[in-house]
Amino acid sequence: MTDAVNAGGRLDRLPIGRFHYRIIWLIGVGMFFDGFDIYTAGTVLGATLKGGFSTMGQNALFVSATFVGMMVGSFLTGFLGDRYGRRFTYQANLLVFGLASLAAAFAPNMEVLIALRFVIGIGLGAENVVGYSTLTEFVPARSRGRWLGVMAVFVVTGLPIASLVGWLVIPAFGWRAMFIIGGLGGLLVWYARKSLPESPRWLESVGRDGEAEALLSAIEREAEATTGPLSVPAPVPPAAPPVSLGALFTPPLLSRLLVGCLCLVVINTVLYGFVAWLPTFFVKQGLSIAQSSGFALLMGLGAPVGSGIGALTADRWGRKPTIIGASLLAAALALVYPAVSDPVLLTLVGFALTIPIYVLVALLFGIYIPELFPTEVRLRASGLCNTLGRGATVVTPFIVVWLFGTYGVAGVLDLMIGLLVLQSLVVFAFGIETRNRRLETLSTDLSSAAAASLGGVDGLGPVTSGSTRRGKPVG
């Protein structure tokens, strides 16, 4: 990082304005279609099964292919995003997702549809990683939590919207129309995102200072045209050592990586071990299929409510207190849920339980995990956390089936309670607080911690020619 650019200080002093709203919409609409397509699977598979296009076994393979593809996408996008930039990676995953979705609408058989779903999953997994991380690098520290939480609202709104669109479209036009809607939406956003700028923080981190300076100057001119002269940016923090991929597996970054991985394993298991199984649980508790779908949709409305609460509280209460509080509240409500038998009360308790779960979705997916890592490895680290989190979704259905068959809903929720309590303990003991802190100060904390723990040896990976270590030129 150089004194001539100071991308972090200059971006963090900007007032929220038209530039930020444009970035939020360009990223947010793509994230909406990401959520829309994930939740489309339920409505599509019901129709393919009923029409004889698929079997139960093929439907299971379809779901598995989705999550395996998302694992691959989460992993690959981290390396692409840190190597070739946020903008390039974002455009590439949208193109993959959009074209594969359109092709899926014309699949001649279920085998081809499953293969295309794997490709779609690659785009979906990539979108989740690069979207949140990119916005993290644009939004000022003082309001970063709120706007990243708003991005999570975009994603989870796909749940009720996908259910509503499926209810309206599939009876009239068939299940293939759902893939056309998702594919066209993705391609439209891909075209619109040609105006999405590259992250100045990333440009500076890879030594492209001229491009970073030109972009920052244009952003500042746009802001000054609306708000007048800007305040003086915060000074450049002390030079931090360059961070390599290997640094993720050594202290002090290792603890952040483990916290991030555990949190995403927990929230993915809760989402796809409880929320996704709600219709099945309702039927097993004596409701009809129609009642089950209706009650599940009503409870699904807790998704945008919970994410909205997460967006509003992350900057006010802090990341750690909100994560711990939501985890413990969800665990407490999960204790109550199995004891409820009245259908109306069951829906109300379920709705209440859904809210803290989606507060965690907003905090963990959208806000906390991308903040934990330096710019040089942010996408790779977030990608690794998301890869393990998505990997949990591959085994979760088998665990849920066994627990439900042996112990009923209470057995499934006991697993969720244990994971949520474990998450709260780990975040309390090992998590860092990132509220209102510049990304650059979070990175310089690493060099200080490494020097202290290793007796003056930073251990943060190799230094390339022309880089700096402890502020001194090397090579």
# chains A, B, ... in the order shown; residues from 1 in each chain; ligands from 1
$ closest_atom_pairs --of "region 301-373 of chain A" --to "region 261-277 of chain A" --cutoff "12 Å" --atoms "only C-alpha atoms" --output "Markdown table"
| residue | atom | partner | partner_atom | distance |
| --- | --- | --- | --- | --- |
| A:Leu301 | CA | A:Val275 | CA | 11.7 |
| A:Gly302 | CA | A:Val275 | CA | 10.8 |
| A:Ala303 | CA | A:Val275 | CA | 10.0 |
| A:Lys320 | CA | A:Cys263 | CA | 11.9 |
| A:Ile323 | CA | A:Cys263 | CA | 9.6 |
| A:Ile324 | CA | A:Cys263 | CA | 11.0 |
| A:Ala326 | CA | A:Ile267 | CA | 11.5 |
| A:Ser327 | CA | A:Ile267 | CA | 9.6 |
| A:Ala330 | CA | A:Val270 | CA | 10.1 |
| A:Ala331 | CA | A:Val270 | CA | 10.6 |
| A:Ala334 | CA | A:Phe274 | CA | 10.1 |
| A:Tyr337 | CA | A:Phe274 | CA | 11.5 |
| A:Gly350 | CA | A:Val275 | CA | 9.3 |
| A:Phe351 | CA | A:Val275 | CA | 10.4 |
| A:Leu353 | CA | A:Val275 | CA | 9.7 |
| A:Thr354 | CA | A:Val275 | CA | 7.6 |
| A:Ile355 | CA | A:Val275 | CA | 11.1 |
| A:Pro356 | CA | A:Ile267 | CA | 11.0 |
| A:Ile357 | CA | A:Ile267 | CA | 7.7 |
| A:Tyr358 | CA | A:Leu271 | CA | 8.8 |
| A:Val359 | CA | A:Ile267 | CA | 10.5 |
| A:Leu360 | CA | A:Ile267 | CA | 7.2 |
| A:Val361 | CA | A:Ile267 | CA | 6.9 |
| A:Ala362 | CA | A:Ile267 | CA | 10.5 |
| A:Leu363 | CA | A:Cys263 | CA | 10.2 |
| A:Leu364 | CA | A:Leu264 | CA | 7.0 |
| A:Phe365 | CA | A:Leu264 | CA | 7.4 |
| A:Gly366 | CA | A:Leu264 | CA | 11.0 |
| A:Tyr368 | CA | A:Cys263 | CA | 9.9 |
| A:Ile369 | CA | A:Leu264 | CA | 8.7 |
| A:Pro370 | CA | A:Cys261 | CA | 11.8 |
| A:Leu372 | CA | A:Cys261 | CA | 11.5 |
$ select_by_dssp --residues "region 88-283 of chain A" --states "alpha helix (DSSP H)" --output "ChimeraX atom specification"
/A:88-104,110-136,144-156,158-173,176-192,200-205,209-227,253-273,278-283
$ atom_distance --atom1 "CA of Gly8 (chain A)" --atom2 "CA of Ala234 (chain A)"
8.4 Å
$ residues_around --residues "Gly17 (chain A)" --least-positions-apart "5" --cutoff "9 Å" --atoms "only C-alpha atoms" --output "MDAnalysis selection string"
chainID A and resid 22 222:223 226:227
$ write_last_selection --atoms "N, CA and C atoms" --output "short mmCIF file (atom, residue, chain, number, x, y, z; two decimals), in the first residue's frame"
data_model
loop_
_atom_site.label_atom_id
_atom_site.label_comp_id
_atom_site.auth_asym_id
_atom_site.auth_seq_id
_atom_site.Cartn_x
_atom_site.Cartn_y
_atom_site.Cartn_z
N ARG A 22 -25.42 2.83 -6.77
CA ARG A 22 -25.25 2.15 -8.06
C ARG A 22 -24.52 0.80 -7.88
N GLU A 222 -17.38 12.65 -8.38
CA GLU A 222 -18.83 12.42 -8.36
C GLU A 222 -19.41 12.75 -6.99
N ALA A 223 -18.70 12.35 -5.93
CA ALA A 223 -19.19 12.63 -4.58
C ALA A 223 -19.17 14.13 -4.28
N THR A 226 -22.00 16.36 -5.44
CA THR A 226 -23.25 16.28 -4.69
C THR A 226 -23.13 16.86 -3.29
N THR A 227 -22.02 16.56 -2.62
CA THR A 227 -21.90 16.91 -1.20
C THR A 227 -20.93 18.04 -0.92
#
$ atom_distance --atom1 "CA of Val305 (chain A)" --atom2 "CA of Leu335 (chain A)"
21.5 Å
$ atom_distance --atom1 "CA of Ser163 (chain A)" --atom2 "CA of Ala105 (chain A)"
18.1 Å
$ closest_residue --among "A:Thr48, A:Val29, A:Val68, A:Gly186" --to "Ile170 (chain A)" --atoms "only C-alpha atoms"
A:Thr48
$ residues_around --residues "Gly123 (chain A)" --least-positions-apart "2" --cutoff "6 Å" --atoms "only C-alpha atoms" --output "PyMOL selection string"
chain A and resi 93+96-97+120-121+125-126
$ closest_residue --among "A:Leu258, A:Leu442, A:Ala162, A:Ala225" --to "Asp34 (chain A)" --atoms "only C-alpha atoms"
A:Ala162
$ closest_residue --among "A:Ala141, A:Leu215, A:Leu328, A:Leu298" --to "Leu422 (chain A)" --atoms "only C-alpha atoms"
A:Leu328
$ residues_around --residues "Ala152 (chain A)" --least-positions-apart "4" --cutoff "9 Å" --atoms "only C-alpha atoms" --output "NGL selection string"
:A and (28 or 31-32 or 132 or 147-148 or 156-157 or 304 or 307-308 or 310-311 or 358 or 361-363 or 365-367)
$ write_last_selection --atoms "C-alpha atoms" --output "JSON list (two decimals), in the first residue's frame"
[["chain", "number", "residue", "atom", "x", "y", "z"],
["A", 28, "GLY", "CA", -27.65, -6.79, -5.27],
["A", 31, "MET", "CA", -27.35, -11.69, -5.68],
["A", 32, "PHE", "CA", -31.16, -11.75, -5.82],
["A", 132, "TYR", "CA", -20.23, -9.87, -0.53],
["A", 147, "TRP", "CA", -25.18, -2.26, 3.65],
["A", 148, "LEU", "CA", -23.79, -5.79, 3.61],
["A", 156, "VAL", "CA", -33.08, -14.27, 0.95],
["A", 157, "THR", "CA", -35.94, -12.39, -0.71],
["A", 304, "PRO", "CA", -36.12, -11.08, 4.85],
["A", 307, "SER", "CA", -31.82, -10.42, 7.42],
["A", 308, "GLY", "CA", -33.20, -6.91, 7.77],
["A", 310, "GLY", "CA", -29.19, -8.24, 11.00],
["A", 311, "ALA", "CA", -28.54, -5.33, 8.66],
["A", 358, "TYR", "CA", -31.61, -15.37, 9.04],
["A", 361, "VAL", "CA", -27.35, -15.58, 7.49],
["A", 362, "ALA", "CA", -26.93, -11.82, 7.08],
["A", 363, "LEU", "CA", -24.12, -11.56, 9.62],
["A", 365, "PHE", "CA", -22.50, -14.81, 4.82],
["A", 366, "GLY", "CA", -22.80, -11.10, 4.15],
["A", 367, "ILE", "CA", -20.85, -9.18, 6.78]]
$ residues_around --residues "region 228-233 of chain A" --least-positions-apart "4" --cutoff "9 Å" --atoms "only C-alpha atoms" --output "ChimeraX atom specification"
/A:6,8-15,220,223-224
$ closest_atom_pairs --of "region 280-388 of chain A" --to "region 69-86 of chain A" --cutoff "12 Å" --atoms "only C-alpha atoms" --output "tab-separated table"
residue	atom	partner	partner_atom	distance
A:Pro370	CA	A:Gly78	CA	11.4
A:Pro374	CA	A:Asp82	CA	10.8
A:Thr375	CA	A:Asp82	CA	8.2
A:Glu376	CA	A:Asp82	CA	6.3
A:Val377	CA	A:Asp82	CA	6.3
A:Arg378	CA	A:Asp82	CA	7.4
A:Leu379	CA	A:Gly78	CA	4.2
A:Arg380	CA	A:Gly78	CA	3.7
A:Ala381	CA	A:Gly78	CA	7.0
A:Ser382	CA	A:Gly78	CA	7.0
A:Gly383	CA	A:Ser74	CA	4.7
A:Leu384	CA	A:Phe75	CA	5.8
A:Cys385	CA	A:Ser74	CA	8.5
A:Asn386	CA	A:Ser74	CA	5.9
A:Thr387	CA	A:Met71	CA	4.7
A:Leu388	CA	A:Met71	CA	7.5
$ write_last_selection --atoms "C-alpha atoms" --output "PDB file, in the first residue's frame"
ATOM      1  CA  PRO A 370     -15.398 -11.153   4.269  1.00  0.00           C
ATOM      2  CA  PRO A 374      -6.791  -9.000   4.098  1.00  0.00           C
ATOM      3  CA  THR A 375      -7.558  -7.759   0.592  1.00  0.00           C
ATOM      4  CA  GLU A 376      -4.831  -9.893  -1.026  1.00  0.00           C
ATOM      5  CA  VAL A 377      -6.483 -13.157   0.079  1.00  0.00           C
ATOM      6  CA  ARG A 378     -10.039 -12.057   0.895  1.00  0.00           C
ATOM      7  CA  LEU A 379     -11.747 -13.986  -1.891  1.00  0.00           C
ATOM      8  CA  ARG A 380      -9.604 -17.093  -1.470  1.00  0.00           C
ATOM      9  CA  ALA A 381     -10.217 -17.169   2.286  1.00  0.00           C
ATOM     10  CA  SER A 382     -13.950 -16.506   1.894  1.00  0.00           C
ATOM     11  CA  GLY A 383     -14.023 -19.127  -0.853  1.00  0.00           C
ATOM     12  CA  LEU A 384     -12.437 -21.733   1.418  1.00  0.00           C
ATOM     13  CA  CYS A 385     -14.931 -20.980   4.212  1.00  0.00           C
ATOM     14  CA  ASN A 386     -17.825 -21.191   1.766  1.00  0.00           C
ATOM     15  CA  THR A 387     -16.455 -24.413   0.257  1.00  0.00           C
ATOM     16  CA  LEU A 388     -16.526 -26.155   3.629  1.00  0.00           C
TER      17      LEU A 388
END
$ residues_around --residues "Ile161 (chain A)" --least-positions-apart "2" --cutoff "12 Å" --atoms "only C-alpha atoms" --output "list in words"
Phe32, Phe33, Gly35, Phe36, Asp37, Ile38, Tyr39, Thr40, Thr43, Phe154, Val155, Val156, Thr157, Gly158, Leu159, Ser163, Leu164, Val165, Gly166, Trp167, Leu168, Val169, Met178, Gly182, Leu297, Gly300, Leu301, Ala303 and Pro304 of chain A
$ decode --residues "region 280-398 of chain A" --atoms "C-alpha atoms" --output "PDB file, in the first residue's frame"
ATOM      1  CA  THR A 280     -41.588 -32.487   5.314  1.00  0.00           C
ATOM      2  CA  PHE A 281     -41.696 -31.808   9.034  1.00  0.00           C
ATOM      3  CA  PHE A 282     -45.154 -30.247   8.736  1.00  0.00           C
ATOM      4  CA  VAL A 283     -46.513 -33.225   6.796  1.00  0.00           C
ATOM      5  CA  LYS A 284     -45.080 -35.638   9.345  1.00  0.00           C
ATOM      6  CA  GLN A 285     -46.781 -33.621  12.067  1.00  0.00           C
ATOM      7  CA  GLY A 286     -50.172 -34.221  10.491  1.00  0.00           C
ATOM      8  CA  LEU A 287     -50.681 -31.356   8.051  1.00  0.00           C
ATOM      9  CA  SER A 288     -51.758 -31.802   4.436  1.00  0.00           C
ATOM     10  CA  ILE A 289     -49.345 -31.031   1.596  1.00  0.00           C
ATOM     11  CA  ALA A 290     -51.235 -27.815   0.811  1.00  0.00           C
ATOM     12  CA  GLN A 291     -51.147 -26.733   4.453  1.00  0.00           C
ATOM     13  CA  SER A 292     -47.498 -27.679   4.677  1.00  0.00           C
ATOM     14  CA  SER A 293     -46.547 -25.547   1.670  1.00  0.00           C
ATOM     15  CA  GLY A 294     -48.593 -22.603   2.919  1.00  0.00           C
ATOM     16  CA  PHE A 295     -47.170 -22.674   6.425  1.00  0.00           C
ATOM     17  CA  ALA A 296     -43.630 -23.103   5.090  1.00  0.00           C
ATOM     18  CA  LEU A 297     -44.143 -20.029   2.889  1.00  0.00           C
ATOM     19  CA  LEU A 298     -45.418 -18.014   5.863  1.00  0.00           C
ATOM     20  CA  MET A 299     -42.405 -19.036   7.915  1.00  0.00           C
ATOM     21  CA  GLY A 300     -40.179 -18.206   4.947  1.00  0.00           C
ATOM     22  CA  LEU A 301     -41.252 -14.580   5.302  1.00  0.00           C
ATOM     23  CA  GLY A 302     -39.058 -14.575   8.393  1.00  0.00           C
ATOM     24  CA  ALA A 303     -36.053 -14.714   6.054  1.00  0.00           C
ATOM     25  CA  PRO A 304     -36.125 -11.077   4.853  1.00  0.00           C
ATOM     26  CA  VAL A 305     -37.276  -9.949   8.310  1.00  0.00           C
ATOM     27  CA  GLY A 306     -34.320 -11.646  10.003  1.00  0.00           C
ATOM     28  CA  SER A 307     -31.817 -10.424   7.425  1.00  0.00           C
ATOM     29  CA  GLY A 308     -33.202  -6.906   7.772  1.00  0.00           C
ATOM     30  CA  ILE A 309     -32.745  -7.033  11.533  1.00  0.00           C
ATOM     31  CA  GLY A 310     -29.188  -8.243  11.002  1.00  0.00           C
ATOM     32  CA  ALA A 311     -28.536  -5.327   8.655  1.00  0.00           C
ATOM     33  CA  LEU A 312     -29.874  -2.791  11.167  1.00  0.00           C
ATOM     34  CA  THR A 313     -28.113  -4.164  14.247  1.00  0.00           C
ATOM     35  CA  ALA A 314     -24.659  -5.213  12.993  1.00  0.00           C
ATOM     36  CA  ASP A 315     -23.211  -1.686  13.159  1.00  0.00           C
ATOM     37  CA  ARG A 316     -25.099  -0.761  16.324  1.00  0.00           C
ATOM     38  CA  TRP A 317     -24.534  -3.844  18.488  1.00  0.00           C
ATOM     39  CA  GLY A 318     -21.372  -5.188  16.890  1.00  0.00           C
ATOM     40  CA  ARG A 319     -20.704  -8.400  14.988  1.00  0.00           C
ATOM     41  CA  LYS A 320     -19.793 -10.678  17.884  1.00  0.00           C
ATOM     42  CA  PRO A 321     -22.685  -9.764  20.229  1.00  0.00           C
ATOM     43  CA  THR A 322     -25.208 -10.089  17.384  1.00  0.00           C
ATOM     44  CA  ILE A 323     -23.873 -13.471  16.236  1.00  0.00           C
ATOM     45  CA  ILE A 324     -23.769 -14.830  19.786  1.00  0.00           C
ATOM     46  CA  GLY A 325     -27.175 -13.433  20.702  1.00  0.00           C
ATOM     47  CA  ALA A 326     -28.898 -14.705  17.553  1.00  0.00           C
ATOM     48  CA  SER A 327     -27.295 -18.146  17.971  1.00  0.00           C
ATOM     49  CA  LEU A 328     -28.504 -18.509  21.549  1.00  0.00           C
ATOM     50  CA  LEU A 329     -31.984 -17.171  20.744  1.00  0.00           C
ATOM     51  CA  ALA A 330     -32.344 -19.632  17.858  1.00  0.00           C
ATOM     52  CA  ALA A 331     -31.189 -22.460  20.141  1.00  0.00           C
ATOM     53  CA  ALA A 332     -33.757 -21.475  22.804  1.00  0.00           C
ATOM     54  CA  LEU A 333     -36.616 -21.362  20.274  1.00  0.00           C
ATOM     55  CA  ALA A 334     -35.470 -24.707  18.843  1.00  0.00           C
ATOM     56  CA  LEU A 335     -35.980 -26.187  22.309  1.00  0.00           C
ATOM     57  CA  VAL A 336     -39.600 -24.990  22.305  1.00  0.00           C
ATOM     58  CA  TYR A 337     -40.510 -25.958  18.721  1.00  0.00           C
ATOM     59  CA  PRO A 338     -40.848 -29.769  19.155  1.00  0.00           C
ATOM     60  CA  ALA A 339     -43.237 -29.321  22.084  1.00  0.00           C
ATOM     61  CA  VAL A 340     -45.778 -27.358  19.996  1.00  0.00           C
ATOM     62  CA  SER A 341     -48.606 -29.284  18.310  1.00  0.00           C
ATOM     63  CA  ASP A 342     -51.217 -26.662  17.406  1.00  0.00           C
ATOM     64  CA  PRO A 343     -50.733 -25.815  13.688  1.00  0.00           C
ATOM     65  CA  VAL A 344     -51.182 -22.055  14.103  1.00  0.00           C
ATOM     66  CA  LEU A 345     -48.898 -21.862  17.127  1.00  0.00           C
ATOM     67  CA  LEU A 346     -46.423 -24.130  15.339  1.00  0.00           C
ATOM     68  CA  THR A 347     -46.244 -21.636  12.469  1.00  0.00           C
ATOM     69  CA  LEU A 348     -45.790 -18.683  14.837  1.00  0.00           C
ATOM     70  CA  VAL A 349     -42.995 -20.388  16.772  1.00  0.00           C
ATOM     71  CA  GLY A 350     -41.413 -21.487  13.492  1.00  0.00           C
ATOM     72  CA  PHE A 351     -41.608 -17.929  12.150  1.00  0.00           C
ATOM     73  CA  ALA A 352     -39.942 -16.659  15.329  1.00  0.00           C
ATOM     74  CA  LEU A 353     -37.242 -19.313  14.967  1.00  0.00           C
ATOM     75  CA  THR A 354     -36.621 -18.406  11.341  1.00  0.00           C
ATOM     76  CA  ILE A 355     -35.847 -14.784  12.229  1.00  0.00           C
ATOM     77  CA  PRO A 356     -32.653 -15.322  14.306  1.00  0.00           C
ATOM     78  CA  ILE A 357     -31.513 -17.972  11.816  1.00  0.00           C
ATOM     79  CA  TYR A 358     -31.615 -15.366   9.043  1.00  0.00           C
ATOM     80  CA  VAL A 359     -30.028 -12.742  11.269  1.00  0.00           C
ATOM     81  CA  LEU A 360     -27.106 -15.188  11.275  1.00  0.00           C
ATOM     82  CA  VAL A 361     -27.350 -15.584   7.489  1.00  0.00           C
ATOM     83  CA  ALA A 362     -26.926 -11.820   7.077  1.00  0.00           C
ATOM     84  CA  LEU A 363     -24.120 -11.558   9.624  1.00  0.00           C
ATOM     85  CA  LEU A 364     -22.108 -14.597   8.586  1.00  0.00           C
ATOM     86  CA  PHE A 365     -22.505 -14.807   4.818  1.00  0.00           C
ATOM     87  CA  GLY A 366     -22.805 -11.104   4.155  1.00  0.00           C
ATOM     88  CA  ILE A 367     -20.849  -9.184   6.776  1.00  0.00           C
ATOM     89  CA  TYR A 368     -18.492 -10.954   9.136  1.00  0.00           C
ATOM     90  CA  ILE A 369     -16.627 -13.529   7.040  1.00  0.00           C
ATOM     91  CA  PRO A 370     -15.398 -11.153   4.269  1.00  0.00           C
ATOM     92  CA  GLU A 371     -14.211  -8.657   6.910  1.00  0.00           C
ATOM     93  CA  LEU A 372     -11.899 -11.154   8.577  1.00  0.00           C
ATOM     94  CA  PHE A 373      -9.279 -11.348   5.825  1.00  0.00           C
ATOM     95  CA  PRO A 374      -6.791  -9.000   4.098  1.00  0.00           C
ATOM     96  CA  THR A 375      -7.558  -7.759   0.592  1.00  0.00           C
ATOM     97  CA  GLU A 376      -4.831  -9.893  -1.026  1.00  0.00           C
ATOM     98  CA  VAL A 377      -6.483 -13.157   0.079  1.00  0.00           C
ATOM     99  CA  ARG A 378     -10.039 -12.057   0.895  1.00  0.00           C
ATOM    100  CA  LEU A 379     -11.747 -13.986  -1.891  1.00  0.00           C
ATOM    101  CA  ARG A 380      -9.604 -17.093  -1.470  1.00  0.00           C
ATOM    102  CA  ALA A 381     -10.217 -17.169   2.286  1.00  0.00           C
ATOM    103  CA  SER A 382     -13.950 -16.506   1.894  1.00  0.00           C
ATOM    104  CA  GLY A 383     -14.023 -19.127  -0.853  1.00  0.00           C
ATOM    105  CA  LEU A 384     -12.437 -21.733   1.418  1.00  0.00           C
ATOM    106  CA  CYS A 385     -14.931 -20.980   4.212  1.00  0.00           C
ATOM    107  CA  ASN A 386     -17.825 -21.191   1.766  1.00  0.00           C
ATOM    108  CA  THR A 387     -16.455 -24.413   0.257  1.00  0.00           C
ATOM    109  CA  LEU A 388     -16.526 -26.155   3.629  1.00  0.00           C
ATOM    110  CA  GLY A 389     -19.912 -24.629   4.413  1.00  0.00           C
ATOM    111  CA  ARG A 390     -21.379 -25.874   1.154  1.00  0.00           C
ATOM    112  CA  GLY A 391     -19.714 -29.236   1.745  1.00  0.00           C
ATOM    113  CA  ALA A 392     -21.807 -29.585   4.881  1.00  0.00           C
ATOM    114  CA  THR A 393     -24.948 -29.385   2.745  1.00  0.00           C
ATOM    115  CA  VAL A 394     -23.887 -32.522   0.876  1.00  0.00           C
ATOM    116  CA  VAL A 395     -23.991 -34.698   4.019  1.00  0.00           C
ATOM    117  CA  THR A 396     -26.686 -32.831   5.961  1.00  0.00           C
ATOM    118  CA  PRO A 397     -29.700 -34.523   4.232  1.00  0.00           C
ATOM    119  CA  PHE A 398     -28.435 -37.982   5.199  1.00  0.00           C
TER     120      PHE A 398
END
